[in-house]
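A.B. asks: Here you go, input10.cif (mmCIF, C-alpha atoms and all ligand atoms):
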```cif
data_run
#
loop_
_atom_site.group_PDB
_atom_site.id
_atom_site.type_symbol
_atom_site.label_atom_id
_atom_site.label_comp_id
_atom_site.auth_asym_id
_atom_site.auth_seq_id
_atom_site.Cartn_x
_atom_site.Cartn_y
_atom_site.Cartn_z
ATOM 1 C CA MET A 1 -0.251 115.311 142.500
ATOM 2 C CA THR A 2 -1.662 111.797 142.377
ATOM 3 C CA ALA A 3 -0.915 109.574 139.436
ATOM 4 C CA ARG A 4 -3.345 108.404 136.762
ATOM 5 C CA ILE A 5 -4.245 104.804 137.500
ATOM 6 C CA ILE A 6 -3.612 102.622 134.461
ATOM 7 C CA ASP A 7 -6.725 100.497 134.057
ATOM 8 C CA GLY A 8 -5.368 97.321 132.452
ATOM 9 C CA LYS A 9 -8.605 95.477 133.128
ATOM 10 C CA SER A 10 -10.649 97.791 130.977
ATOM 11 C CA TYR A 11 -7.927 98.050 128.271
ATOM 12 C CA ALA A 12 -7.831 94.230 128.146
ATOM 13 C CA GLU A 13 -11.649 94.019 127.851
ATOM 14 C CA ASN A 14 -11.512 96.411 124.933
ATOM 15 C CA LEU A 15 -8.681 94.442 123.322
ATOM 16 C CA ARG A 16 -10.660 91.190 123.663
ATOM 17 C CA THR A 17 -13.603 92.832 121.898
ATOM 18 C CA ARG A 18 -11.301 93.765 119.002
ATOM 19 C CA ILE A 19 -9.860 90.220 118.996
ATOM 20 C CA ALA A 20 -13.391 88.773 118.818
ATOM 21 C CA GLY A 21 -13.926 90.933 115.715
ATOM 22 C CA HIS A 22 -10.737 89.505 114.136
ATOM 23 C CA VAL A 23 -11.853 85.965 114.954
ATOM 24 C CA ALA A 24 -15.236 86.580 113.310
ATOM 25 C CA ARG A 25 -13.512 87.923 110.168
ATOM 26 C CA LEU A 26 -11.062 84.984 110.021
ATOM 27 C CA LYS A 27 -14.056 82.641 110.163
ATOM 28 C CA ALA A 28 -16.220 84.518 107.652
ATOM 29 C CA GLU A 29 -13.549 85.453 105.106
ATOM 30 C CA HIS A 30 -11.038 82.613 105.379
ATOM 31 C CA GLY A 31 -12.936 79.724 106.999
ATOM 32 C CA ILE A 32 -10.392 79.610 109.863
ATOM 33 C CA THR A 33 -11.423 79.199 113.494
ATOM 34 C CA PRO A 34 -8.326 79.824 115.622
ATOM 35 C CA GLY A 35 -7.739 77.052 118.167
ATOM 36 C CA LEU A 36 -5.659 77.349 121.330
ATOM 37 C CA ALA A 37 -4.479 74.284 123.278
ATOM 38 C CA VAL A 38 -3.577 74.837 126.920
ATOM 39 C CA VAL A 39 -1.823 72.057 128.810
ATOM 40 C CA ILE A 40 -1.460 71.863 132.579
ATOM 41 C CA VAL A 41 0.420 69.131 134.426
ATOM 42 C CA GLY A 42 -0.431 68.647 138.095
ATOM 43 C CA HIS A 43 -2.496 70.735 140.496
ATOM 44 C CA ASP A 44 -0.652 73.944 141.349
ATOM 45 C CA PRO A 45 -3.581 76.120 142.544
ATOM 46 C CA ALA A 46 -2.340 79.383 140.971
ATOM 47 C CA SER A 47 -1.675 77.610 137.652
ATOM 48 C CA GLU A 48 -5.139 76.031 137.713
ATOM 49 C CA ILE A 49 -6.737 79.471 138.082
ATOM 50 C CA TYR A 50 -4.656 80.911 135.217
ATOM 51 C CA VAL A 51 -5.420 77.983 132.925
ATOM 52 C CA SER A 52 -9.173 78.159 133.601
ATOM 53 C CA SER A 53 -9.170 81.895 132.826
ATOM 54 C CA LYS A 54 -7.220 81.292 129.627
ATOM 55 C CA ALA A 55 -9.656 78.586 128.464
ATOM 56 C CA LYS A 56 -12.713 80.695 129.364
ATOM 57 C CA GLN A 57 -11.493 83.827 127.600
ATOM 58 C CA THR A 58 -10.406 81.813 124.539
ATOM 59 C CA ALA A 59 -13.969 80.536 124.126
ATOM 60 C CA GLU A 60 -15.455 83.995 124.826
ATOM 61 C CA VAL A 61 -13.680 85.564 121.823
ATOM 62 C CA GLY A 62 -14.978 82.785 119.570
ATOM 63 C CA MET A 63 -11.833 80.648 119.351
ATOM 64 C CA VAL A 64 -11.788 76.914 120.030
ATOM 65 C CA SER A 65 -10.279 76.059 123.391
ATOM 66 C CA PHE A 66 -8.576 72.697 123.901
ATOM 67 C CA LYS A 67 -7.713 72.044 127.525
ATOM 68 C CA TYR A 68 -5.475 69.156 128.635
ATOM 69 C CA GLU A 69 -5.228 68.451 132.360
ATOM 70 C CA LEU A 70 -2.541 65.847 132.977
ATOM 71 C CA PRO A 71 -1.776 64.133 136.311
ATOM 72 C CA GLU A 72 1.139 65.263 138.491
ATOM 73 C CA ASP A 73 3.094 62.048 137.721
ATOM 74 C CA THR A 74 2.953 62.506 133.922
ATOM 75 C CA SER A 75 6.323 61.539 132.431
ATOM 76 C CA GLU A 76 8.384 63.834 130.226
ATOM 77 C CA ALA A 77 7.932 61.399 127.314
ATOM 78 C CA GLU A 78 4.123 61.505 127.685
ATOM 79 C CA LEU A 79 4.054 65.299 127.709
ATOM 80 C CA LEU A 80 6.392 65.516 124.708
ATOM 81 C CA GLU A 81 4.149 63.055 122.847
ATOM 82 C CA LEU A 82 1.103 65.266 123.496
ATOM 83 C CA VAL A 83 3.002 68.354 122.295
ATOM 84 C CA ARG A 84 3.962 66.510 119.089
ATOM 85 C CA ARG A 85 0.350 65.520 118.532
ATOM 86 C CA LEU A 86 -0.779 69.144 118.973
ATOM 87 C CA ASN A 87 1.991 70.326 116.617
ATOM 88 C CA ASN A 88 0.426 68.118 113.927
ATOM 89 C CA ASP A 89 -3.212 68.984 114.642
ATOM 90 C CA ASP A 90 -4.602 71.381 112.026
ATOM 91 C CA GLN A 91 -7.292 72.645 114.383
ATOM 92 C CA VAL A 92 -4.669 73.869 116.848
ATOM 93 C CA HIS A 93 -2.959 77.199 116.041
ATOM 94 C CA GLY A 94 -1.482 77.890 119.471
ATOM 95 C CA ILE A 95 0.055 75.639 122.146
ATOM 96 C CA LEU A 96 0.729 76.729 125.703
ATOM 97 C CA VAL A 97 2.174 74.423 128.351
ATOM 98 C CA GLN A 98 1.606 76.113 131.701
ATOM 99 C CA MET A 99 4.826 76.583 133.683
ATOM 100 C CA PRO A 100 6.147 75.443 136.079
ATOM 101 C CA VAL A 101 5.953 71.750 135.185
ATOM 102 C CA PRO A 102 6.612 69.022 137.823
ATOM 103 C CA LYS A 103 10.245 68.245 138.563
ATOM 104 C CA GLN A 104 10.474 65.013 136.531
ATOM 105 C CA ILE A 105 9.933 67.111 133.363
ATOM 106 C CA ASP A 106 12.630 69.334 131.844
ATOM 107 C CA PRO A 107 10.882 72.613 130.860
ATOM 108 C CA VAL A 108 13.544 73.352 128.230
ATOM 109 C CA LYS A 109 12.781 70.089 126.405
ATOM 110 C CA VAL A 110 9.084 70.938 126.470
ATOM 111 C CA ILE A 111 9.646 74.426 125.083
ATOM 112 C CA GLU A 112 11.948 73.098 122.364
ATOM 113 C CA ALA A 113 9.320 70.508 121.369
ATOM 114 C CA ILE A 114 6.663 73.164 120.619
ATOM 115 C CA ALA A 115 6.477 74.067 116.930
ATOM 116 C CA PRO A 116 7.625 77.722 116.705
ATOM 117 C CA SER A 117 4.681 78.374 114.369
ATOM 118 C CA LYS A 118 2.309 77.529 117.300
ATOM 119 C CA ASP A 119 4.392 78.968 120.148
ATOM 120 C CA VAL A 120 1.945 81.577 121.471
ATOM 121 C CA ASP A 121 4.066 82.189 124.607
ATOM 122 C CA CYS A 122 7.041 83.183 122.437
ATOM 123 C CA PHE A 123 9.258 80.872 124.493
ATOM 124 C CA THR A 124 11.038 78.981 121.677
ATOM 125 C CA PRO A 125 14.536 80.070 120.654
ATOM 126 C CA ALA A 126 13.297 80.673 117.085
ATOM 127 C CA ASN A 127 10.630 83.162 118.203
ATOM 128 C CA VAL A 128 12.863 84.852 120.778
ATOM 129 C CA GLY A 129 15.298 85.437 117.902
ATOM 130 C CA LYS A 130 12.549 86.787 115.640
ATOM 131 C CA VAL A 131 11.541 89.361 118.263
ATOM 132 C CA GLN A 132 15.170 90.387 118.541
ATOM 133 C CA ILE A 133 15.521 91.126 114.839
ATOM 134 C CA GLY A 134 11.983 92.431 114.377
ATOM 135 C CA LEU A 135 10.452 89.659 112.244
ATOM 136 C CA PRO A 136 6.690 88.977 112.422
ATOM 137 C CA GLY A 137 5.472 86.335 114.863
ATOM 138 C CA PRO A 138 4.204 85.958 118.406
ATOM 139 C CA VAL A 139 5.595 88.287 121.084
ATOM 140 C CA SER A 140 5.963 87.465 124.815
ATOM 141 C CA CYS A 141 2.540 88.095 126.307
ATOM 142 C CA THR A 142 3.268 90.154 129.429
ATOM 143 C CA PRO A 143 5.837 92.443 127.763
ATOM 144 C CA LEU A 144 3.472 92.914 124.798
ATOM 145 C CA GLY A 145 0.708 93.902 127.233
ATOM 146 C CA CYS A 146 3.066 96.345 128.958
ATOM 147 C CA LEU A 147 4.031 97.874 125.634
ATOM 148 C CA MET A 148 0.371 98.409 124.668
ATOM 149 C CA LEU A 149 -0.320 100.153 127.984
ATOM 150 C CA LEU A 150 2.779 102.341 127.642
ATOM 151 C CA ARG A 151 1.873 103.380 124.092
ATOM 152 C CA ASP A 152 -1.655 104.144 125.249
ATOM 153 C CA GLN A 153 -0.354 106.345 128.070
ATOM 154 C CA LEU A 154 2.566 108.041 126.375
ATOM 155 C CA GLY A 155 2.155 107.797 122.596
ATOM 156 C CA SER A 156 5.702 107.745 121.203
ATOM 157 C CA LEU A 157 8.226 106.225 123.590
ATOM 158 C CA ALA A 158 11.248 107.392 121.560
ATOM 159 C CA GLY A 159 14.093 108.773 123.629
ATOM 160 C CA LEU A 160 12.568 107.910 126.990
ATOM 161 C CA HIS A 161 14.713 106.174 129.588
ATOM 162 C CA ALA A 162 13.119 102.874 130.629
ATOM 163 C CA VAL A 163 14.403 101.040 133.689
ATOM 164 C CA ILE A 164 13.342 97.387 133.778
ATOM 165 C CA VAL A 165 13.817 95.844 137.197
ATOM 166 C CA GLY A 166 14.214 92.075 136.669
ATOM 167 C CA ARG A 167 15.970 90.120 133.923
ATOM 168 C CA SER A 168 13.797 87.020 133.512
ATOM 169 C CA ASN A 169 13.295 85.274 130.177
ATOM 170 C CA LEU A 170 9.543 85.686 130.704
ATOM 171 C CA VAL A 171 9.453 89.472 131.243
ATOM 172 C CA GLY A 172 12.721 91.411 131.690
ATOM 173 C CA LYS A 173 14.623 90.300 128.602
ATOM 174 C CA PRO A 174 11.754 90.470 126.073
ATOM 175 C CA MET A 175 10.626 93.799 127.574
ATOM 176 C CA MET A 176 14.107 95.125 126.864
ATOM 177 C CA GLN A 177 13.853 94.057 123.215
ATOM 178 C CA LEU A 178 10.414 95.587 122.710
ATOM 179 C CA LEU A 179 11.343 98.914 124.300
ATOM 180 C CA LEU A 180 14.572 99.060 122.331
ATOM 181 C CA ARG A 181 12.482 98.700 119.173
ATOM 182 C CA GLU A 182 10.505 101.739 120.371
ATOM 183 C CA ASN A 183 13.761 103.719 120.562
ATOM 184 C CA CYS A 184 13.848 103.901 124.353
ATOM 185 C CA THR A 185 17.131 104.039 126.223
ATOM 186 C CA ILE A 186 17.112 100.934 128.406
ATOM 187 C CA THR A 187 18.614 99.973 131.725
ATOM 188 C CA VAL A 188 18.008 96.407 132.932
ATOM 189 C CA ALA A 189 18.497 96.288 136.699
ATOM 190 C CA HIS A 190 18.587 93.085 138.761
ATOM 191 C CA SER A 191 19.481 91.599 142.120
ATOM 192 C CA LYS A 192 23.165 92.516 141.749
ATOM 193 C CA THR A 193 22.572 96.119 140.643
ATOM 194 C CA ARG A 194 24.262 98.648 142.928
ATOM 195 C CA ASP A 195 22.347 101.711 144.132
ATOM 196 C CA LEU A 196 19.097 100.423 142.657
ATOM 197 C CA ALA A 197 17.110 103.342 144.075
ATOM 198 C CA ASP A 198 19.306 105.837 142.195
ATOM 199 C CA VAL A 199 19.027 103.820 138.981
ATOM 200 C CA VAL A 200 15.219 103.755 139.233
ATOM 201 C CA ARG A 201 15.170 107.517 139.993
ATOM 202 C CA ARG A 202 16.520 108.174 136.483
ATOM 203 C CA ALA A 203 13.627 106.369 134.776
ATOM 204 C CA ASP A 204 10.883 107.977 132.699
ATOM 205 C CA ILE A 205 9.382 104.463 132.532
ATOM 206 C CA VAL A 206 9.722 101.844 135.268
ATOM 207 C CA VAL A 207 8.786 98.213 134.580
ATOM 208 C CA ALA A 208 8.927 96.315 137.862
ATOM 209 C CA ALA A 209 9.242 92.537 137.445
ATOM 210 C CA VAL A 210 11.302 91.212 140.329
ATOM 211 C CA GLY A 211 8.752 89.238 142.346
ATOM 212 C CA ARG A 212 9.548 91.001 145.645
ATOM 213 C CA PRO A 213 6.520 92.513 147.410
ATOM 214 C CA GLU A 214 6.529 96.343 147.437
ATOM 215 C CA MET A 215 10.296 96.486 147.002
ATOM 216 C CA ILE A 216 10.297 99.639 144.870
ATOM 217 C CA LYS A 217 9.556 102.552 147.157
ATOM 218 C CA GLY A 218 7.735 105.768 146.391
ATOM 219 C CA ASP A 219 10.823 107.954 146.779
ATOM 220 C CA TRP A 220 12.648 105.881 144.123
ATOM 221 C CA ILE A 221 10.235 107.197 141.472
ATOM 222 C CA LYS A 222 11.038 110.267 139.366
ATOM 223 C CA PRO A 223 8.137 112.731 139.606
ATOM 224 C CA GLY A 224 5.802 112.189 136.650
ATOM 225 C CA ALA A 225 7.275 108.816 135.615
ATOM 226 C CA THR A 226 5.102 106.014 134.214
ATOM 227 C CA VAL A 227 5.228 102.898 136.379
ATOM 228 C CA LEU A 228 4.129 99.415 135.304
ATOM 229 C CA ASP A 229 3.997 96.825 138.052
ATOM 230 C CA VAL A 230 4.264 93.246 136.769
ATOM 231 C CA GLY A 231 4.679 91.716 140.239
ATOM 232 C CA VAL A 232 1.974 89.506 141.726
ATOM 233 C CA ASN A 233 2.852 88.700 145.330
ATOM 234 C CA ARG A 234 0.557 87.240 147.963
ATOM 235 C CA ILE A 235 1.260 88.591 151.447
ATOM 236 C CA PRO A 236 -0.408 88.019 154.831
ATOM 237 C CA ALA A 237 -3.258 90.445 155.567
ATOM 238 C CA PRO A 238 -4.156 89.999 159.249
ATOM 239 C CA GLU A 239 -6.329 93.144 159.044
ATOM 240 C CA ARG A 240 -8.729 91.076 156.882
ATOM 241 C CA GLY A 241 -8.921 88.290 159.453
ATOM 242 C CA GLU A 242 -6.812 85.416 160.627
ATOM 243 C CA GLY A 243 -4.968 83.561 157.868
ATOM 244 C CA LYS A 244 -6.157 86.002 155.155
ATOM 245 C CA THR A 245 -3.877 87.251 152.373
ATOM 246 C CA ARG A 246 -3.891 89.974 149.741
ATOM 247 C CA LEU A 247 -2.141 90.585 146.438
ATOM 248 C CA VAL A 248 0.492 93.303 146.095
ATOM 249 C CA GLY A 249 2.889 94.211 143.321
ATOM 250 C CA ASP A 250 6.631 94.877 143.330
ATOM 251 C CA VAL A 251 5.998 98.614 143.822
ATOM 252 C CA ALA A 252 4.848 100.236 147.077
ATOM 253 C CA PHE A 253 1.695 101.472 145.338
ATOM 254 C CA ALA A 254 0.309 103.869 147.997
ATOM 255 C CA GLU A 255 3.591 105.813 148.121
ATOM 256 C CA ALA A 256 4.444 105.626 144.418
ATOM 257 C CA LYS A 257 1.046 106.887 143.235
ATOM 258 C CA GLU A 258 1.715 110.198 145.004
ATOM 259 C CA ILE A 259 4.799 110.787 142.841
ATOM 260 C CA ALA A 260 4.353 108.944 139.532
ATOM 261 C CA GLY A 261 2.530 110.433 136.539
ATOM 262 C CA ALA A 262 0.759 107.130 135.857
ATOM 263 C CA ILE A 263 0.895 103.772 137.607
ATOM 264 C CA SER A 264 -0.656 100.338 137.121
ATOM 265 C CA PRO A 265 -2.304 98.750 140.165
ATOM 266 C CA VAL A 266 -2.108 95.125 141.327
ATOM 267 C CA PRO A 267 -4.511 93.502 140.688
ATOM 268 C CA GLY A 268 -6.178 95.081 137.650
ATOM 269 C CA GLY A 269 -3.120 96.520 135.894
ATOM 270 C CA VAL A 270 -0.744 94.446 133.788
ATOM 271 C CA GLY A 271 -2.215 91.030 134.774
ATOM 272 C CA PRO A 272 -5.376 91.133 132.620
ATOM 273 C CA MET A 273 -3.280 92.173 129.609
ATOM 274 C CA THR A 274 -1.289 88.919 129.630
ATOM 275 C CA ILE A 275 -4.207 86.664 128.667
ATOM 276 C CA ALA A 276 -5.556 89.183 126.163
ATOM 277 C CA CYS A 277 -2.123 89.207 124.488
ATOM 278 C CA LEU A 278 -2.077 85.399 124.472
ATOM 279 C CA LEU A 279 -5.285 85.572 122.418
ATOM 280 C CA ALA A 280 -3.746 88.239 120.175
ATOM 281 C CA ASN A 281 -0.763 85.921 119.594
ATOM 282 C CA THR A 282 -3.136 83.096 118.654
ATOM 283 C CA ILE A 283 -4.632 85.338 115.954
ATOM 284 C CA THR A 284 -1.073 86.057 114.777
ATOM 285 C CA THR A 285 -0.081 82.369 114.593
ATOM 286 C CA ALA A 286 -3.401 81.336 112.985
ATOM 287 C CA SER A 287 -2.957 84.035 110.328
ATOM 288 C CA LEU A 288 0.714 83.161 109.675
ATOM 289 C CA ILE A 289 0.039 79.387 109.554
ATOM 290 C CA ASN A 290 -2.693 79.960 106.984
ATOM 291 C CA GLY A 291 -0.560 82.331 104.922
HETATM 292 N N1 LIG B 1 3.374 80.466 134.059
HETATM 293 C C1 LIG B 1 3.280 81.742 134.510
HETATM 294 N N2 LIG B 1 3.140 82.610 133.478
HETATM 295 C C2 LIG B 1 3.140 81.853 132.349
HETATM 296 C C3 LIG B 1 3.007 82.167 130.982
HETATM 297 O O1 LIG B 1 2.889 83.322 130.560
HETATM 298 N N3 LIG B 1 3.036 81.102 130.117
HETATM 299 C C4 LIG B 1 3.208 79.819 130.542
HETATM 300 N N4 LIG B 1 3.256 78.844 129.615
HETATM 301 N N5 LIG B 1 3.331 79.494 131.814
HETATM 302 C C5 LIG B 1 3.288 80.511 132.716
#
```
What would you get if you wrote out this structure as C-alpha cells?
C.D. replies:
Amino acid sequence: MTARIIDGKSYAENLRTRIAGHVARLKAEHGITPGLAVVIVGHDPASEIYVSSKAKQTAEVGMVSFKYELPEDTSEAELLELVRRLNNDDQVHGILVQMPVPKQIDPVKVIEAIAPSKDVDCFTPANVGKVQIGLPGPVSCTPLGCLMLLRDQLGSLAGLHAVIVGRSNLVGKPMMQLLLRENCTITVAHSKTRDLADVVRRADIVVAAVGRPEMIKGDWIKPGATVLDVGVNRIPAPERGEGKTRLVGDVAFAEAKEIAGAISPVPGGVGPMTIACLLANTITTASLING
C-alpha cells in the first residue's frame, strides 16, 4: 500500500487564510495591526530566500512587515542596538533575527537580547521554559507546524510512540515537549543512538530532523506509521544536467512511501508550515502584548 502524501503546502495556505481573518479582526475590533520585524545580517543565499518569503507572506496576511538587511561586517553591538530599538517599538509585535549570523556575532547574546514578549521564534530561555510547563506564548515554528500536520492526520496522538531523530534546540527538543503534551511516548534518537533502525521501527510517528540526506531508509519504517520529514538537503542531480542539484529530505522518500501510512514530501511538506506558524506566533504575541 502506498502512503497518503501529507500536503503541507496546501495546509499552510489554508492556515494563512485563517491567519488573515484573525489579522482583519484584530484591526477591526482592537485597532491592532500586527507587525513582524525580520533581520538578516550578510548574504547567505538560503537565508535571503527564507527572509524574502517571510516578508512577502507577512504582508499577504495583512500584517506590517519590517525588513532589516544589514551588511556582513555588522558588529555585535550594532545588531544588539537594533534589537533593543525593535523591543521598544510599539508597531513591532514580533522580532526574528535570521540564523546563522556572521562569526563576529554571538547568536546567544542576540537571542537573549530579544524581548520574550516579541520572540516569535520561541528561542529565548523564558519562552522555551513556558512551552515546557504549558504556559501561553509563542511555540517553536517548525515543531508547531509538525504538530498541526500530525493532529490533522491522526486526530488524538495520545499513547502513540513518537521517535524524533535529531535533538536540536530548533526542532528535536521542542518537538519532544509538544508531543509529550499530547500524551505521546517519546524517544529522542541522535547521532550516538545505537541500532537506530530498530529504534525507528518501533515508531507510530517518526519526525526526522537530522540534516542527513535520505538517511532513514524505507525498511526502518513500521508499516502504517506517520512520517514527517523536516530535513532540507541539497544534493547533486546530474540527471538534471551538469552542476544541477535537487532537494531531498532526511527520509528515503521513494522507499518509505511504500510502507508508511502517511508521509510528508520534501519540498512541499513541513517546510511551508514553518513560515505559516511564524505568522501564527505573531498573532499570539500581538494579542498577548495588547492584553
Ligand atoms: N534559520 C533557519 N531556520 C530559522 C528559524 O526558524 N528562525 C531563525 N531566526 N533563523 C533560522
A.B. asks: Name the residues that the PyMOL selection byres (((chain A and resi 159) around 6) and not hetatm) picks from the file above, as a PyMOL selection string, using the file's chain letters and numbers.
C.D. replies: chain A and resi 158+160+183-184
A.B. asks: Take the selection from the previous step and output its residues with C-alpha atoms, as a PDB file, keeping the file's coordinate frame.
C.D. replies:
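What landed in result.pdb:
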```
ATOM      1  CA  ALA A 158      11.248 107.392 121.560  1.00  0.00           C
ATOM      2  CA  LEU A 160      12.568 107.910 126.990  1.00  0.00           C
ATOM      3  CA  ASN A 183      13.761 103.719 120.562  1.00  0.00           C
ATOM      4  CA  CYS A 184      13.848 103.901 124.353  1.00  0.00           C
TER       5      CYS A 184
END
```
A.B. asks: Measuring atom to atom with all atoms listed in the file, identify which of A:Val51, A:Ser191, A:Leu80, A:Gly134 is nearest to Val108 (chain A).
C.D. replies: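 The answer is A:Leu80, which sits nearest to Val108 (chain A).
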A.B. asks: Could the centre and edge lengths of an axis-aligned box, enclosing all atoms of ligand LIG 1 (chain B) in the file with 4 Å extra on each side, be given in Å to one decimal as JSON?
C.D. replies:
```
{"center_x": 3.1, "center_y": 81.1, "center_z": 132.1, "size_x": 8.5, "size_y": 12.5, "size_z": 12.9}
```
A.B. asks: Ranking A:Thr185, A:Thr226, A:Gln104, A:Ser140 by minimum distance to ligand LIG 1 (chain B) and counting all atoms listed in the file, which one comes first?
C.D. replies: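 That would be A:Ser140, the residue with the smallest distance to ligand LIG 1 (chain B).
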A.B. asks: Expand the PyMOL selection byres (((chain A and resi 93) around 12) and not hetatm) into the explicit residue set it covers here, and present it as a ChimeraX atom specification.
C.D. replies: /A:32-38,63-66,86-92,94-96,114-120,138,278-290
A.B. asks: Name every residue that the PyMOL selection byres (((chain A and resi 202) around 12) and not hetatm) selects in this structure, writing the answer as an MDAnalysis selection string with chains first and numbers rising.
C.D. replies: chainID A and resid 160:164 185:187 195:201 203:206 219:226
A.B. asks: Next, write the just-selected residues to a file, as a PDB file, in the coordinates of the input, keeping C-alpha atoms as the atom set.
C.D. replies:
```
ATOM      1  CA  LEU A 160      12.568 107.910 126.990  1.00  0.00           C
ATOM      2  CA  HIS A 161      14.713 106.174 129.588  1.00  0.00           C
ATOM      3  CA  ALA A 162      13.119 102.874 130.629  1.00  0.00           C
ATOM      4  CA  VAL A 163      14.403 101.040 133.689  1.00  0.00           C
ATOM      5  CA  ILE A 164      13.342  97.387 133.778  1.00  0.00           C
ATOM      6  CA  THR A 185      17.131 104.039 126.223  1.00  0.00           C
ATOM      7  CA  ILE A 186      17.112 100.934 128.406  1.00  0.00           C
ATOM      8  CA  THR A 187      18.614  99.973 131.725  1.00  0.00           C
ATOM      9  CA  ASP A 195      22.347 101.711 144.132  1.00  0.00           C
ATOM     10  CA  LEU A 196      19.097 100.423 142.657  1.00  0.00           C
ATOM     11  CA  ALA A 197      17.110 103.342 144.075  1.00  0.00           C
ATOM     12  CA  ASP A 198      19.306 105.837 142.195  1.00  0.00           C
ATOM     13  CA  VAL A 199      19.027 103.820 138.981  1.00  0.00           C
ATOM     14  CA  VAL A 200      15.219 103.755 139.233  1.00  0.00           C
ATOM     15  CA  ARG A 201      15.170 107.517 139.993  1.00  0.00           C
ATOM     16  CA  ALA A 203      13.627 106.369 134.776  1.00  0.00           C
ATOM     17  CA  ASP A 204      10.883 107.977 132.699  1.00  0.00           C
ATOM     18  CA  ILE A 205       9.382 104.463 132.532  1.00  0.00           C
ATOM     19  CA  VAL A 206       9.722 101.844 135.268  1.00  0.00           C
ATOM     20  CA  ASP A 219      10.823 107.954 146.779  1.00  0.00           C
ATOM     21  CA  TRP A 220      12.648 105.881 144.123  1.00  0.00           C
ATOM     22  CA  ILE A 221      10.235 107.197 141.472  1.00  0.00           C
ATOM     23  CA  LYS A 222      11.038 110.267 139.366  1.00  0.00           C
ATOM     24  CA  PRO A 223       8.137 112.731 139.606  1.00  0.00           C
ATOM     25  CA  GLY A 224       5.802 112.189 136.650  1.00  0.00           C
ATOM     26  CA  ALA A 225       7.275 108.816 135.615  1.00  0.00           C
ATOM     27  CA  THR A 226       5.102 106.014 134.214  1.00  0.00           C
TER      28      THR A 226
END
```
A.B. asks: Return as a PyMOL selection string the residues of protein, DNA or RNA that approach ligand LIG 1 (chain B) to within 12 Å, with all atoms listed in the file taken into account.
C.D. replies: chain A and resi 37-41+44-51+54+94-101+107-108+110-111+114+119-124+139-145+168-171+230-232+271-279+281
A.B. asks: Between CA of Ser52 (chain A) and CA of Ala77 (chain A), what is the spacing in Å?
C.D. replies: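 Calculated distance between CA of Ala77 (chain A) and CA of Ser52 (chain A) is 24.8 Å.
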